[in-house]
Structure formats: C-alpha cells, structure tokens
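Colleague: So here's my_file-v7.txt (compact mmCIF, C-alpha atoms).
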```
# COMPACT_ATOMS: atom_id res chain seq x y z
CA MET A 1 13.52 12.55 2.88
CA LYS A 2 10.69 13.87 5.01
CA PHE A 3 9.09 11.97 7.85
CA ARG A 4 5.64 11.77 9.42
CA LYS A 5 4.27 10.14 12.56
CA LEU A 6 2.61 6.77 11.98
CA GLY A 7 -0.36 7.33 14.24
CA LYS A 8 -0.29 5.94 17.75
CA THR A 9 2.71 3.72 16.96
CA GLY A 10 4.84 6.81 17.47
CA PHE A 11 7.11 5.69 14.63
CA LYS A 12 8.56 8.50 12.52
CA VAL A 13 8.41 7.01 9.04
CA SER A 14 9.53 8.20 5.64
CA GLU A 15 6.50 9.75 3.97
CA VAL A 16 7.49 8.02 0.73
CA SER A 17 8.18 4.45 1.77
CA LEU A 18 8.29 1.13 -0.09
CA GLY A 19 5.80 -1.59 -0.89
CA THR A 20 7.33 -4.91 -1.91
CA TRP A 21 4.65 -6.78 -3.85
CA GLN A 22 6.93 -6.87 -6.93
CA VAL A 23 10.31 -6.15 -5.33
CA GLY A 24 11.91 -9.28 -6.80
CA GLY A 25 11.00 -8.33 -10.35
CA LYS A 26 7.92 -7.77 -12.45
CA TRP A 27 4.65 -9.34 -11.33
CA GLY A 28 4.45 -12.99 -12.31
CA SER A 29 8.00 -13.24 -13.64
CA GLY A 30 9.65 -15.11 -10.75
CA PHE A 31 11.68 -13.83 -7.82
CA ASP A 32 15.27 -12.60 -8.18
CA ASN A 33 16.96 -12.26 -4.77
CA ASP A 34 19.82 -10.11 -6.01
CA HIS A 35 17.39 -7.79 -7.75
CA ALA A 36 15.27 -7.53 -4.62
CA ASP A 37 18.33 -6.72 -2.52
CA ARG A 38 19.35 -3.92 -4.89
CA ILE A 39 15.94 -2.29 -4.64
CA LEU A 40 15.80 -2.62 -0.86
CA HIS A 41 19.30 -1.28 -0.33
CA THR A 42 18.61 1.61 -2.72
CA ALA A 43 15.51 2.45 -0.70
CA ILE A 44 17.37 2.53 2.60
CA ASP A 45 20.31 4.40 1.08
CA ASN A 46 17.85 7.14 0.08
CA GLY A 47 16.27 7.53 3.50
CA ILE A 48 13.33 5.12 3.34
CA ASN A 49 12.83 3.59 6.77
CA PHE A 50 9.45 1.84 6.41
CA ILE A 51 9.04 -1.28 4.27
CA ASP A 52 5.74 -3.06 3.74
CA THR A 53 5.58 -6.72 2.75
CA ALA A 54 3.20 -9.69 3.14
CA ASP A 55 3.46 -13.41 3.64
CA VAL A 56 1.81 -14.10 0.26
CA TYR A 57 4.14 -11.91 -1.80
CA GLU A 58 6.00 -14.42 -3.95
CA ALA A 59 5.17 -17.20 -1.47
CA GLY A 60 7.19 -15.61 1.33
CA MET A 61 10.22 -14.66 -0.75
CA SER A 62 9.50 -10.96 -0.27
CA GLU A 63 9.49 -11.35 3.51
CA LYS A 64 12.77 -13.25 3.37
CA ALA A 65 14.39 -10.53 1.26
CA VAL A 66 13.15 -7.74 3.51
CA GLY A 67 14.37 -9.52 6.62
CA ARG A 68 17.74 -10.34 5.07
CA VAL A 69 18.42 -6.75 4.03
CA VAL A 70 17.08 -5.13 7.21
CA ARG A 71 19.23 -7.41 9.37
CA SER A 72 22.28 -6.39 7.35
CA ARG A 73 21.78 -2.67 7.95
CA SER A 74 22.55 -0.52 10.97
CA GLU A 75 19.67 1.93 10.40
CA ARG A 76 16.37 1.55 12.24
CA ILE A 77 14.06 0.19 9.56
CA TYR A 78 10.42 -0.45 10.40
CA VAL A 79 9.08 -3.68 8.92
CA ALA A 80 5.37 -4.15 8.31
CA THR A 81 3.93 -7.41 7.05
CA LYS A 82 0.45 -8.78 6.51
CA CYS A 83 -1.35 -12.04 7.18
CA GLY A 84 -4.59 -13.78 6.30
CA ARG A 85 -4.56 -14.00 2.52
CA GLN A 86 -3.19 -17.53 2.66
CA ILE A 87 -6.58 -18.70 3.91
CA GLN A 88 -8.27 -20.61 1.06
CA PRO A 89 -11.07 -20.26 0.39
CA HIS A 90 -10.67 -16.70 1.65
CA VAL A 91 -13.79 -16.60 3.80
CA ASN A 92 -14.67 -15.45 7.30
CA GLU A 93 -14.82 -19.01 8.65
CA GLY A 94 -11.17 -19.57 7.80
CA TYR A 95 -10.08 -16.78 10.14
CA THR A 96 -9.31 -18.12 13.60
CA PRO A 97 -6.96 -16.71 16.23
CA ASP A 98 -4.78 -19.84 16.11
CA VAL A 99 -4.43 -19.73 12.33
CA LEU A 100 -3.43 -16.07 12.37
CA GLN A 101 -0.95 -16.59 15.17
CA GLN A 102 0.73 -19.34 13.19
CA TYR A 103 1.03 -17.00 10.22
CA VAL A 104 2.77 -14.44 12.45
CA GLU A 105 5.14 -17.14 13.72
CA ASP A 106 5.91 -18.06 10.12
CA SER A 107 6.62 -14.43 9.21
CA LEU A 108 9.00 -14.11 12.14
CA ARG A 109 10.84 -17.21 10.94
CA ARG A 110 11.05 -16.01 7.33
CA THR A 111 12.23 -12.49 8.18
CA GLY A 112 14.61 -13.67 10.90
CA LEU A 113 13.46 -10.79 13.09
CA GLU A 114 12.82 -11.13 16.81
CA THR A 115 9.80 -8.83 16.68
CA LEU A 116 7.63 -7.54 13.84
CA ASP A 117 7.03 -3.80 14.06
CA LEU A 118 3.59 -3.97 12.47
CA VAL A 119 1.37 -6.90 11.48
CA GLN A 120 -1.69 -6.10 9.40
CA LEU A 121 -4.75 -8.21 8.65
CA HIS A 122 -4.57 -8.54 4.89
CA CYS A 123 -7.91 -7.42 3.44
CA PRO A 124 -10.03 -9.94 5.34
CA PRO A 125 -13.71 -10.48 4.57
CA THR A 126 -15.91 -7.78 6.07
CA GLU A 127 -17.33 -10.16 8.70
CA VAL A 128 -13.89 -10.49 10.33
CA TYR A 129 -14.03 -6.88 11.48
CA TYR A 130 -17.00 -7.80 13.68
CA ARG A 131 -15.11 -10.50 15.61
CA PRO A 132 -13.35 -9.07 18.69
CA GLU A 133 -11.58 -12.36 19.42
CA ILE A 134 -9.46 -11.89 16.29
CA PHE A 135 -8.20 -8.50 17.43
CA GLU A 136 -7.70 -9.68 21.02
CA ARG A 137 -5.29 -12.41 19.95
CA PHE A 138 -2.91 -9.80 18.58
CA GLU A 139 -2.81 -8.19 22.02
CA ARG A 140 -1.52 -11.49 23.38
CA MET A 141 1.11 -11.57 20.65
CA LYS A 142 2.17 -8.07 21.67
CA ASP A 143 2.46 -9.18 25.28
CA ALA A 144 4.65 -12.08 24.14
CA GLY A 145 6.96 -9.69 22.25
CA LYS A 146 6.19 -11.15 18.84
CA ILE A 147 4.74 -7.92 17.42
CA LEU A 148 4.78 -4.27 18.41
CA HIS A 149 1.58 -3.13 16.73
CA LEU A 150 -1.52 -4.31 14.88
CA GLY A 151 -2.91 -2.73 11.73
CA VAL A 152 -5.33 -3.61 8.98
CA SER A 153 -5.27 -3.45 5.22
CA VAL A 154 -8.76 -2.82 3.88
CA GLU A 155 -10.66 -2.73 0.62
CA LYS A 156 -13.49 -0.42 1.72
CA VAL A 157 -13.92 2.75 3.74
CA GLU A 158 -16.62 1.02 5.78
CA GLU A 159 -14.14 -1.67 6.83
CA ALA A 160 -11.61 0.96 7.81
CA LEU A 161 -14.14 2.76 9.99
CA LYS A 162 -15.10 -0.48 11.73
CA ALA A 163 -11.48 -1.49 12.25
CA ILE A 164 -10.44 1.71 14.01
CA ALA A 165 -13.16 1.16 16.60
CA TYR A 166 -10.72 -1.37 18.10
CA ASP A 167 -8.25 0.50 20.30
CA ASN A 168 -5.34 -1.76 19.36
CA VAL A 169 -5.64 -1.02 15.62
CA THR A 170 -2.87 1.52 15.13
CA THR A 171 -2.79 1.80 11.34
CA VAL A 172 -4.99 1.37 8.31
CA GLN A 173 -3.60 0.62 4.88
CA ILE A 174 -6.01 1.80 2.19
CA ILE A 175 -6.10 2.58 -1.52
CA PHE A 176 -6.03 6.33 -2.05
CA ASN A 177 -4.94 8.28 -5.08
CA LEU A 178 -6.13 10.88 -7.57
CA PHE A 179 -8.48 8.25 -9.02
CA ARG A 180 -9.68 6.92 -5.63
CA GLN A 181 -10.63 9.91 -3.48
CA ARG A 182 -13.42 8.67 -1.22
CA PRO A 183 -11.25 7.90 1.86
CA ALA A 184 -10.58 11.62 2.33
CA GLU A 185 -14.27 12.41 2.84
CA LEU A 186 -14.92 10.79 6.22
CA PHE A 187 -12.30 8.20 7.05
CA PHE A 188 -9.30 10.55 7.14
CA GLY A 189 -10.93 12.72 9.76
CA GLU A 190 -11.94 9.78 11.92
CA ALA A 191 -8.48 8.22 11.69
CA SER A 192 -6.88 11.52 12.69
CA ARG A 193 -9.25 11.86 15.63
CA ARG A 194 -8.26 8.40 16.88
CA ASP A 195 -4.56 8.91 16.10
CA VAL A 196 -4.56 6.06 13.59
CA GLY A 197 -1.79 6.05 11.00
CA ILE A 198 -2.81 5.98 7.34
CA ILE A 199 -0.66 3.95 4.95
CA VAL A 200 -1.58 4.63 1.33
CA ARG A 201 -1.22 1.76 -1.10
CA VAL A 202 -1.76 1.63 -4.88
CA PRO A 203 -0.87 5.35 -5.03
CA LEU A 204 -0.21 5.19 -8.77
CA ALA A 205 -3.31 3.14 -9.65
CA SER A 206 -1.17 0.15 -10.67
CA GLY A 207 1.00 2.40 -12.81
CA LEU A 208 -1.88 4.04 -14.67
CA LEU A 209 -1.07 7.39 -13.08
CA THR A 210 2.52 7.32 -14.31
CA GLY A 211 1.25 8.34 -17.74
CA LYS A 212 3.44 5.70 -19.38
CA PHE A 213 0.69 3.33 -20.55
CA SER A 214 -1.32 3.38 -23.75
CA SER A 215 -3.96 1.27 -25.45
CA GLU A 216 -1.11 -0.75 -26.98
CA SER A 217 0.55 -1.54 -23.63
CA THR A 218 0.69 -5.22 -22.73
CA PHE A 219 1.28 -6.97 -19.42
CA ASP A 220 2.84 -10.32 -18.61
CA GLU A 221 0.59 -13.34 -18.13
CA GLY A 222 1.28 -13.42 -14.39
CA ASP A 223 0.70 -9.66 -13.95
CA HIS A 224 -2.59 -8.85 -12.19
CA ARG A 225 -3.05 -5.96 -14.62
CA ASN A 226 -3.52 -8.64 -17.25
CA PHE A 227 -5.74 -11.15 -15.41
CA ASN A 228 -7.62 -9.22 -12.70
CA ARG A 229 -9.19 -6.23 -14.43
CA HIS A 230 -12.66 -7.45 -13.55
CA GLY A 231 -11.86 -9.05 -10.21
CA GLU A 232 -11.20 -12.54 -11.53
CA ALA A 233 -8.64 -13.34 -8.80
CA PHE A 234 -9.26 -10.75 -6.04
CA ASP A 235 -10.99 -7.43 -5.51
CA LYS A 236 -10.87 -5.54 -8.81
CA GLY A 237 -10.19 -2.33 -6.90
CA GLU A 238 -6.60 -3.52 -6.45
CA THR A 239 -6.04 -3.36 -10.23
CA PHE A 240 -5.96 0.13 -11.78
CA SER A 241 -7.96 1.20 -8.68
CA GLY A 242 -10.97 -0.55 -10.20
CA ILE A 243 -11.13 1.83 -13.16
CA ASP A 244 -11.89 0.71 -16.69
CA TYR A 245 -8.50 0.80 -18.39
CA ALA A 246 -9.59 2.70 -21.51
CA LEU A 247 -11.44 5.29 -19.45
CA GLY A 248 -8.43 5.69 -17.19
CA LEU A 249 -6.24 6.39 -20.20
CA LYS A 250 -8.58 9.21 -21.27
CA ALA A 251 -8.37 10.76 -17.82
CA VAL A 252 -4.58 10.50 -17.82
CA GLU A 253 -4.38 12.21 -21.21
CA GLU A 254 -6.16 15.23 -19.76
CA LEU A 255 -3.87 15.10 -16.74
CA LYS A 256 -0.85 15.28 -19.03
CA GLN A 257 -2.13 18.55 -20.47
CA LEU A 258 -1.86 20.09 -17.01
CA PHE A 259 1.82 19.19 -16.81
CA PRO A 260 3.24 19.62 -20.32
CA GLY A 261 6.68 18.18 -20.86
CA LYS A 262 6.44 15.70 -18.01
CA GLU A 263 6.69 12.21 -19.47
CA ASN A 264 6.55 10.65 -16.01
CA LEU A 265 3.54 11.70 -13.93
CA ALA A 266 4.35 9.45 -10.97
CA PRO A 267 5.84 12.27 -8.85
CA VAL A 268 2.79 14.42 -9.63
CA ALA A 269 0.43 11.68 -8.46
CA LEU A 270 2.43 11.17 -5.27
CA GLN A 271 2.56 14.88 -4.52
CA TRP A 272 -1.23 15.04 -4.82
CA ILE A 273 -1.49 12.43 -2.05
CA LEU A 274 1.08 14.13 0.17
CA GLN A 275 -1.06 17.25 0.25
CA PHE A 276 -3.19 15.41 2.81
CA SER A 277 -1.65 15.82 6.26
CA GLU A 278 -3.62 12.82 7.57
CA VAL A 279 -1.55 10.49 5.39
CA SER A 280 1.36 8.98 7.29
CA CYS A 281 3.16 7.44 4.35
CA ILE A 282 2.80 6.18 0.80
CA ILE A 283 4.06 2.73 -0.21
CA PRO A 284 4.53 2.69 -4.00
CA GLY A 285 6.12 -0.47 -5.27
CA ALA A 286 9.17 -0.76 -7.47
CA SER A 287 10.30 -3.56 -9.76
CA LYS A 288 13.65 -1.84 -10.33
CA PRO A 289 15.73 0.79 -8.51
CA GLU A 290 15.03 3.38 -11.19
CA GLN A 291 11.31 3.29 -10.38
CA LEU A 292 12.06 3.87 -6.72
CA LEU A 293 14.23 6.88 -7.53
CA SER A 294 11.50 8.17 -9.83
CA ASN A 295 9.06 8.08 -6.93
CA LEU A 296 11.48 9.99 -4.72
CA SER A 297 11.76 12.73 -7.35
CA VAL A 298 8.47 14.00 -5.90
CA TYR A 299 10.72 16.24 -3.82
CA ASP A 300 11.99 17.94 -6.97
CA LEU A 301 8.53 19.26 -7.90
CA GLU A 302 7.24 22.73 -7.27
CA SER A 303 4.06 22.96 -5.21
CA PHE A 304 0.82 22.75 -7.15
CA SER A 305 -1.06 25.92 -7.92
CA GLU A 306 -4.67 26.17 -6.83
CA ASP A 307 -5.71 25.99 -10.47
CA GLN A 308 -3.77 22.77 -10.99
CA VAL A 309 -5.37 21.11 -7.96
CA SER A 310 -8.79 22.26 -9.12
CA GLU A 311 -8.22 20.84 -12.58
CA MET A 312 -6.92 17.52 -11.23
CA ASN A 313 -10.05 17.13 -9.17
CA ARG A 314 -12.20 18.14 -12.13
CA ILE A 315 -10.70 15.28 -14.13
CA TYR A 316 -11.67 12.90 -11.34
CA GLU A 317 -15.22 14.22 -11.33
CA LYS A 318 -15.49 14.02 -15.12
CA TYR A 319 -14.12 10.53 -15.73
CA ILE A 320 -13.73 8.56 -12.53
CA ARG A 321 -16.09 9.42 -9.69
CA ASP A 322 -19.25 7.81 -11.03
CA GLN A 323 -17.42 4.56 -11.76
CA VAL A 324 -15.62 3.96 -8.46
CA HIS A 325 -16.56 6.39 -5.71
CA HIS A 326 -19.53 4.46 -4.33
CA LEU A 327 -17.89 1.02 -4.50
CA TRP A 328 -15.00 1.32 -2.08
```
Could you express the structure from this file as structure tokens?

Modeller:
Amino acid sequence: MKFRKLGKTGFKVSEVSLGTWQVGGKWGSGFDNDHADRILHTAIDNGINFIDTADVYEAGMSEKAVGRVVRSRSERIYVATKCGRQIQPHVNEGYTPDVLQQYVEDSLRRTGLETLDLVQLHCPPTEVYYRPEIFERFERMKDAGKILHLGVSVEKVEEALKAIAYDNVTTVQIIFNLFRQRPAELFFGEASRRDVGIIVRVPLASGLLTGKFSSESTFDEGDHRNFNRHGEAFDKGETFSGIDYALGLKAVEELKQLFPGKENLAPVALQWILQFSEVSCIIPGASKPEQLLSNLSVYDLESFSEDQVSEMNRIYEKYIRDQVHHLW
C-alpha cells in the first residue's frame, strides 16, 4: 500500500481506500453484517487505513459496521462519515446548525467512537455553501472533541471552490474519473494551494469503467443504476457519472482495445486517477472482498505509456466531454 497526505488534516491515508455505500451487499439487497465485516477486515488486512461512510448508507447500518470493525482492530484507522442527506425535503432551509449537530451526535452513537476523524457535509444544496453559520458550528464541535476535521462532499466544481474558501474545510470529496475530468482543470490546483485534501468518489463510474457491463446487463430494483439514470432520486451525476449508459459502453469498448487481454479494467481506471498528485485518496466501493482485492491490483500494473494516456483522453473527448463536462 502507498500513502498520501490528506491535506491539512495531516493524516497519511492509503491512496486506495474504501467507500462503504454497498459494503453490506449489493445496492438495494439488504444489509448483511457478517458480509460487511469480511469486507472491512479484508480492507484493513491489506493496508487500507481510511474508510468513508455516511449516516444514510443502509439507514446507519454502514456506520455501525465500520465502528464495530474499527473498534476491534489495533491499527489506526481513519473514519470519515457524512451528514445532511437525511434532511427531507433536501433543501437549504432544512440545514440548520442544530440539526447537523444532532446528526453528528447520532453518528458518534452508531459508530461507538469517541471522536469522528472527519465529518463531511453530504452534497448539500448549493445555497448551504454561502452560510457561514453552518461551517462555524463544526468548529464548536471540534472544540468539544466530537470531531477532528470538517470536509464536504460536493456535486459540482463550483461548490468545491466555494467550500474551500472556508478555512476549516480540510477535504473535498468529489467525483473524478476518466469519464469525469473537469475537476482537474481548476479545482485541483486551488485545493493544492490551500492544502485541501481531495477524496475521489465514484472512481469507476458506478462500475462502468470496469469493462464488465454490456447492453444486456441488468441491475437489481433497489440499485441506483436501475432507478436513477436520469436523476429520478438524486443527482444523476452519481450514477454512471451522469453518462448515457449506451454511450458509455461505446467508450469502454474503445478503452478495451488499448488494453487487450484485460477483462477487468478497474485497476486501469484507478491508475489513471492516481496519476494526479493532487488526489489524496480514492474510495471505490466493494460489495464483496474480491472486488476490493481487484481494486488493489492497481499496484500490479505497469505505468501507462504516453500514447496510452493520450488515447484514454481522446476517448473522453470523443464520447464523453460534450455530455458531462459543463454540468458538474
């Protein structure tokens, strides 16, 4: 495992870490505690020391599993969670300092931890980023020893840029992958200048970049890749990075031609992200231990040639850029 500094937190975190949206099993299929524990222990056994969860993942079951496993281990494991998505309707007016503090208290109770290493606002409405009182309340929670650091999880580059204007925002979690390249244009440089850690989520475009899907692939009823392709439940950029599924498959087919013989492109997609020194860590999810180990096989790859990188970016320009670049 290799490690990178998580911005001004000073944490040295595994550059390939773990997101736990589906750690208890496949999306929408119920939560299996034993299954979650196997994935989490496998992650830690293989050097992962940063785990990202959220209070809404399986109605708090993910937080409970993360806390249970972390408390059972002797290694220093950094736990990041998120709050705010429980607010319904999910609008600016629902965000108040008291509501958010209660969510943090609830996360502490579920994880069983004395202090949360990182609490992130969970993709709040854009207006929230213009309310200093929200960010100030997290300073008071730091002073009380409830959290160590504040971060944000954003949908758009513009939100990320506004968020890092607050000195106490130490990290930004953002979608970035071969099919979502805009963050590297301006945001990465600004985050580096302010010593803000960058946590990359959806690095495999909801599995599209693994190369394992086809036009015949189906997804469970409770899987967001089935019900949220057009933003029916939340921002469509969270599902296949906002890309039309059929178009994404065409782009992936060309990508496969660059790496003949590789049935699993996940390590290739992750290596593309790790080329960017501004990235602190990647948090691919895993619904089984084998997927986690597949992600870690990124370290078995040879470095890309200049021609390969050029061709990968050409595929983005040909198929993807016009559809997504201006939206997020």

Colleague: Rank A:Glu155, A:Asp117, A:Glu216, A:Asp195 by their smallest atom-to-atom distance to A:Leu327, using all atoms listed in the file, and report the top residue only.

Modeller: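 Using all atoms listed in the file, A:Leu327 sits closest to A:Glu155.
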
Colleague: Tell me which residues come within 8 Å of (11.5, -7.3, 11.6), as a list in words, counting only C-alpha atoms in the file's coordinates.

Modeller: Gly67, Val70, Tyr78, Val79, Ala80, Leu108, Thr111, Gly112, Leu113, Glu114, Thr115, Leu116 and Asp117 of chain A

Colleague: Which of these residues is nearest to A:Gln86, using only C-alpha atoms: A:Ala205, A:Val119, A:Ala59, A:Leu40?

Modeller: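 Under the stated criterion, the closest residue is A:Ala59.
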
Colleague: Using Å and a single decimal, report how far atom CA of A:Asn228 sits from atom CA of A:Gly60.

Modeller: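 According to the coordinates, atom CA of A:Gly60 and atom CA of A:Asn228 are separated by 21.4 Å.
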
Colleague: Assuming 4 Å of padding per side, give the centre and edge lengths of the axis-aligned box around every listed atom of stretch 30-43 of chain A, in Å to one decimal and as AutoDock Vina command-line options.

Modeller:
```
--center_x 14.7 --center_y -6.3 --center_z -5.5 --size_x 18.2 --size_y 25.6 --size_z 18.4
```

Colleague: Near stretch 259-273 of chain A, counting all atoms listed in the file, which residues have an atom at most 6 Å away, once you skip same-chain residues fewer than 2 positions from it, shown as a list in words?

Modeller: Thr210, Gly211, Lys256, Gln257, Gln275, Phe276, Asn295 and Val298 of chain A

Colleague: Take the residues from that selection and put them in a file with C-alpha atoms, as a short mmCIF file (atom, residue, chain, number, x, y, z; two decimals), in the frame of the given file.

Modeller:
```
data_model
loop_
_atom_site.label_atom_id
_atom_site.label_comp_id
_atom_site.auth_asym_id
_atom_site.auth_seq_id
_atom_site.Cartn_x
_atom_site.Cartn_y
_atom_site.Cartn_z
CA THR A 210 2.52 7.32 -14.31
CA GLY A 211 1.25 8.34 -17.74
CA LYS A 256 -0.85 15.28 -19.03
CA GLN A 257 -2.13 18.55 -20.47
CA GLN A 275 -1.06 17.25 0.25
CA PHE A 276 -3.19 15.41 2.81
CA ASN A 295 9.06 8.08 -6.93
CA VAL A 298 8.47 14.00 -5.90
#
```

Colleague: Compare A:Glu105, A:Glu311, A:Glu127, A:Asp223 by their minimum atom-to-atom distance to A:Gln22, counting all atoms listed in the file, and give me the closest one.

Modeller: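 The closest residue to A:Gln22 is A:Asp223.
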
Colleague: Between A:Arg314, A:Arg73, A:Lys64, A:Arg193, which has the minimum distance to A:Ile44 (counting all atoms listed in the file)?

Modeller: A:Arg73

Colleague: Could you tell me which of A:Glu254, A:Asp52, A:Glu317, A:Asp34 comes closest to A:His122 if we count all atoms listed in the file?

Modeller: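 Distance minimum relative to A:His122 lands on A:Asp52.
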
Colleague: Can you measure atom CA of A:Tyr319 to atom CA of A:Ser17 for me? One decimal in Å is fine.

Modeller: 29.0 Å

Colleague: Show me, as a list in words, the residues that have an atom within 12 Å of A:Ala184 when counting only C-alpha atoms, minus same-chain residues fewer than 2 positions from it.

Modeller: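 With the cut-off at 12 Å, the set is Val157, Ile174, Ile175, Phe176, Asn177, Leu178, Arg180, Gln181, Arg182, Leu186, Phe187, Phe188, Gly189, Glu190, Ala191, Ser192, Ile198, Val200, Ile273, Gln275, Phe276, Ser277, Glu278, Val279 and His325 of chain A.
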
Colleague: Output C-alpha atoms of each residue in that selection to a file, as a short mmCIF file (atom, residue, chain, number, x, y, z; two decimals), in the coordinates of the input.

Modeller:
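Result saved to selection_2.cif:
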```cif
data_model
loop_
_atom_site.label_atom_id
_atom_site.label_comp_id
_atom_site.auth_asym_id
_atom_site.auth_seq_id
_atom_site.Cartn_x
_atom_site.Cartn_y
_atom_site.Cartn_z
CA VAL A 157 -13.92 2.75 3.74
CA ILE A 174 -6.01 1.80 2.19
CA ILE A 175 -6.10 2.58 -1.52
CA PHE A 176 -6.03 6.33 -2.05
CA ASN A 177 -4.94 8.28 -5.08
CA LEU A 178 -6.13 10.88 -7.57
CA ARG A 180 -9.68 6.92 -5.63
CA GLN A 181 -10.63 9.91 -3.48
CA ARG A 182 -13.42 8.67 -1.22
CA LEU A 186 -14.92 10.79 6.22
CA PHE A 187 -12.30 8.20 7.05
CA PHE A 188 -9.30 10.55 7.14
CA GLY A 189 -10.93 12.72 9.76
CA GLU A 190 -11.94 9.78 11.92
CA ALA A 191 -8.48 8.22 11.69
CA SER A 192 -6.88 11.52 12.69
CA ILE A 198 -2.81 5.98 7.34
CA VAL A 200 -1.58 4.63 1.33
CA ILE A 273 -1.49 12.43 -2.05
CA GLN A 275 -1.06 17.25 0.25
CA PHE A 276 -3.19 15.41 2.81
CA SER A 277 -1.65 15.82 6.26
CA GLU A 278 -3.62 12.82 7.57
CA VAL A 279 -1.55 10.49 5.39
CA HIS A 325 -16.56 6.39 -5.71
#
```

Colleague: A:Leu292: which residues within 10 Å, counting all atoms listed in the file, same-chain residues fewer than 5 positions away excluded, as a PyMOL selection string?

Modeller: chain A and resi 16-18+39-40+42-43+46+284-287+297

Colleague: Can I get the selected residues back with C-alpha atoms, as a compact mmCIF listing (two decimals), in the coordinates of the input?

Modeller:
```
# COMPACT_ATOMS: atom_id res chain seq x y z
CA VAL A 16 7.49 8.02 0.73
CA SER A 17 8.18 4.45 1.77
CA LEU A 18 8.29 1.13 -0.09
CA ILE A 39 15.94 -2.29 -4.64
CA LEU A 40 15.80 -2.62 -0.86
CA THR A 42 18.61 1.61 -2.72
CA ALA A 43 15.51 2.45 -0.70
CA ASN A 46 17.85 7.14 0.08
CA PRO A 284 4.53 2.69 -4.00
CA GLY A 285 6.12 -0.47 -5.27
CA ALA A 286 9.17 -0.76 -7.47
CA SER A 287 10.30 -3.56 -9.76
CA SER A 297 11.76 12.73 -7.35
```

Colleague: Please list, as a VMD selection string, the residues that have an atom at most 9 Å away from (0.6, -11.6, -0.8) in the coordinates of this file, counting all atoms listed in the file.

Modeller: chain A and resid 21 53 to 60 62 82 to 83 85 to 86 122

Colleague: One decimal, Å: what's the distance from atom CA of A:Gln323 over to atom CA of A:Gly248, could you say?

Modeller: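 Taking atom CA of A:Gln323 as the start and atom CA of A:Gly248 as the end point, the length is 10.6 Å.
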
Colleague: Restricting the calculation to all atoms listed in the file: of A:Gln173, A:Gly222, A:Cys281, A:Arg68, which residue gets closest to A:Glu159?

Modeller: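 Using all atoms listed in the file, A:Glu159 sits closest to A:Gln173.
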
Colleague: For stretch 169-171 of chain A, work out the shell of residues within 9 Å, counting only C-alpha atoms and skipping chain neighbours fewer than 2 positions away, then give it as JSON, numbers by chain.

Modeller: {"A": [6, 7, 8, 9, 118, 120, 135, 149, 150, 151, 152, 153, 163, 164, 165, 166, 167, 173, 191, 194, 195, 196, 197, 198, 199]}

Colleague: Could you name the residues that touch A:Ile243 at 8 Å or less, counting only C-alpha atoms, but leaving out those on the same chain fewer than 4 positions away, as a PDB file with C-alpha atoms, in the coordinates of the input?

Modeller:
```pdb
ATOM      1  CA  GLY A 237     -10.190  -2.330  -6.900  1.00  0.00           C
ATOM      2  CA  THR A 239      -6.040  -3.360 -10.230  1.00  0.00           C
ATOM      3  CA  LEU A 247     -11.440   5.290 -19.450  1.00  0.00           C
ATOM      4  CA  GLY A 248      -8.430   5.690 -17.190  1.00  0.00           C
ATOM      5  CA  ILE A 320     -13.730   8.560 -12.530  1.00  0.00           C
ATOM      6  CA  GLN A 323     -17.420   4.560 -11.760  1.00  0.00           C
ATOM      7  CA  VAL A 324     -15.620   3.960  -8.460  1.00  0.00           C
TER       8      VAL A 324
END
```

Colleague: Take stretch 188-201 of chain A, model N, CA and C atoms, and hand the result over as a PDB file, in the coordinates of the input.

Modeller:
```
ATOM      1  N   PHE A 188     -10.512   9.839   6.729  1.00  0.00           N
ATOM      2  CA  PHE A 188      -9.300  10.550   7.140  1.00  0.00           C
ATOM      3  C   PHE A 188      -9.530  11.302   8.449  1.00  0.00           C
ATOM      4  N   GLY A 189     -10.643  11.975   8.547  1.00  0.00           N
ATOM      5  CA  GLY A 189     -10.930  12.720   9.760  1.00  0.00           C
ATOM      6  C   GLY A 189     -11.079  11.836  10.979  1.00  0.00           C
ATOM      7  N   GLU A 190     -11.753  10.708  10.808  1.00  0.00           N
ATOM      8  CA  GLU A 190     -11.940   9.780  11.920  1.00  0.00           C
ATOM      9  C   GLU A 190     -10.612   9.146  12.338  1.00  0.00           C
ATOM     10  N   ALA A 191      -9.791   8.801  11.374  1.00  0.00           N
ATOM     11  CA  ALA A 191      -8.480   8.220  11.690  1.00  0.00           C
ATOM     12  C   ALA A 191      -7.623   9.233  12.445  1.00  0.00           C
ATOM     13  N   SER A 192      -7.650  10.474  12.007  1.00  0.00           N
ATOM     14  CA  SER A 192      -6.880  11.520  12.690  1.00  0.00           C
ATOM     15  C   SER A 192      -7.363  11.698  14.120  1.00  0.00           C
ATOM     16  N   ARG A 193      -8.673  11.670  14.288  1.00  0.00           N
ATOM     17  CA  ARG A 193      -9.250  11.860  15.630  1.00  0.00           C
ATOM     18  C   ARG A 193      -8.817  10.745  16.571  1.00  0.00           C
ATOM     19  N   ARG A 194      -8.651   9.547  16.057  1.00  0.00           N
ATOM     20  CA  ARG A 194      -8.260   8.400  16.880  1.00  0.00           C
ATOM     21  C   ARG A 194      -6.753   8.150  16.864  1.00  0.00           C
ATOM     22  N   ASP A 195      -6.011   9.035  16.202  1.00  0.00           N
ATOM     23  CA  ASP A 195      -4.560   8.910  16.100  1.00  0.00           C
ATOM     24  C   ASP A 195      -4.149   7.601  15.433  1.00  0.00           C
ATOM     25  N   VAL A 196      -4.858   7.260  14.371  1.00  0.00           N
ATOM     26  CA  VAL A 196      -4.560   6.060  13.590  1.00  0.00           C
ATOM     27  C   VAL A 196      -3.735   6.457  12.371  1.00  0.00           C
ATOM     28  N   GLY A 197      -2.632   5.763  12.152  1.00  0.00           N
ATOM     29  CA  GLY A 197      -1.790   6.050  11.000  1.00  0.00           C
ATOM     30  C   GLY A 197      -2.438   5.573   9.714  1.00  0.00           C
ATOM     31  N   ILE A 198      -2.260   6.331   8.643  1.00  0.00           N
ATOM     32  CA  ILE A 198      -2.810   5.980   7.340  1.00  0.00           C
ATOM     33  C   ILE A 198      -1.656   5.660   6.389  1.00  0.00           C
ATOM     34  N   ILE A 199      -1.651   4.422   5.917  1.00  0.00           N
ATOM     35  CA  ILE A 199      -0.660   3.950   4.950  1.00  0.00           C
ATOM     36  C   ILE A 199      -1.361   3.837   3.606  1.00  0.00           C
ATOM     37  N   VAL A 200      -0.918   4.596   2.631  1.00  0.00           N
ATOM     38  CA  VAL A 200      -1.580   4.630   1.330  1.00  0.00           C
ATOM     39  C   VAL A 200      -0.909   3.637   0.387  1.00  0.00           C
ATOM     40  N   ARG A 201      -1.726   2.691  -0.098  1.00  0.00           N
ATOM     41  CA  ARG A 201      -1.220   1.760  -1.100  1.00  0.00           C
ATOM     42  C   ARG A 201      -1.884   2.040  -2.451  1.00  0.00           C
TER      43      ARG A 201
END
```
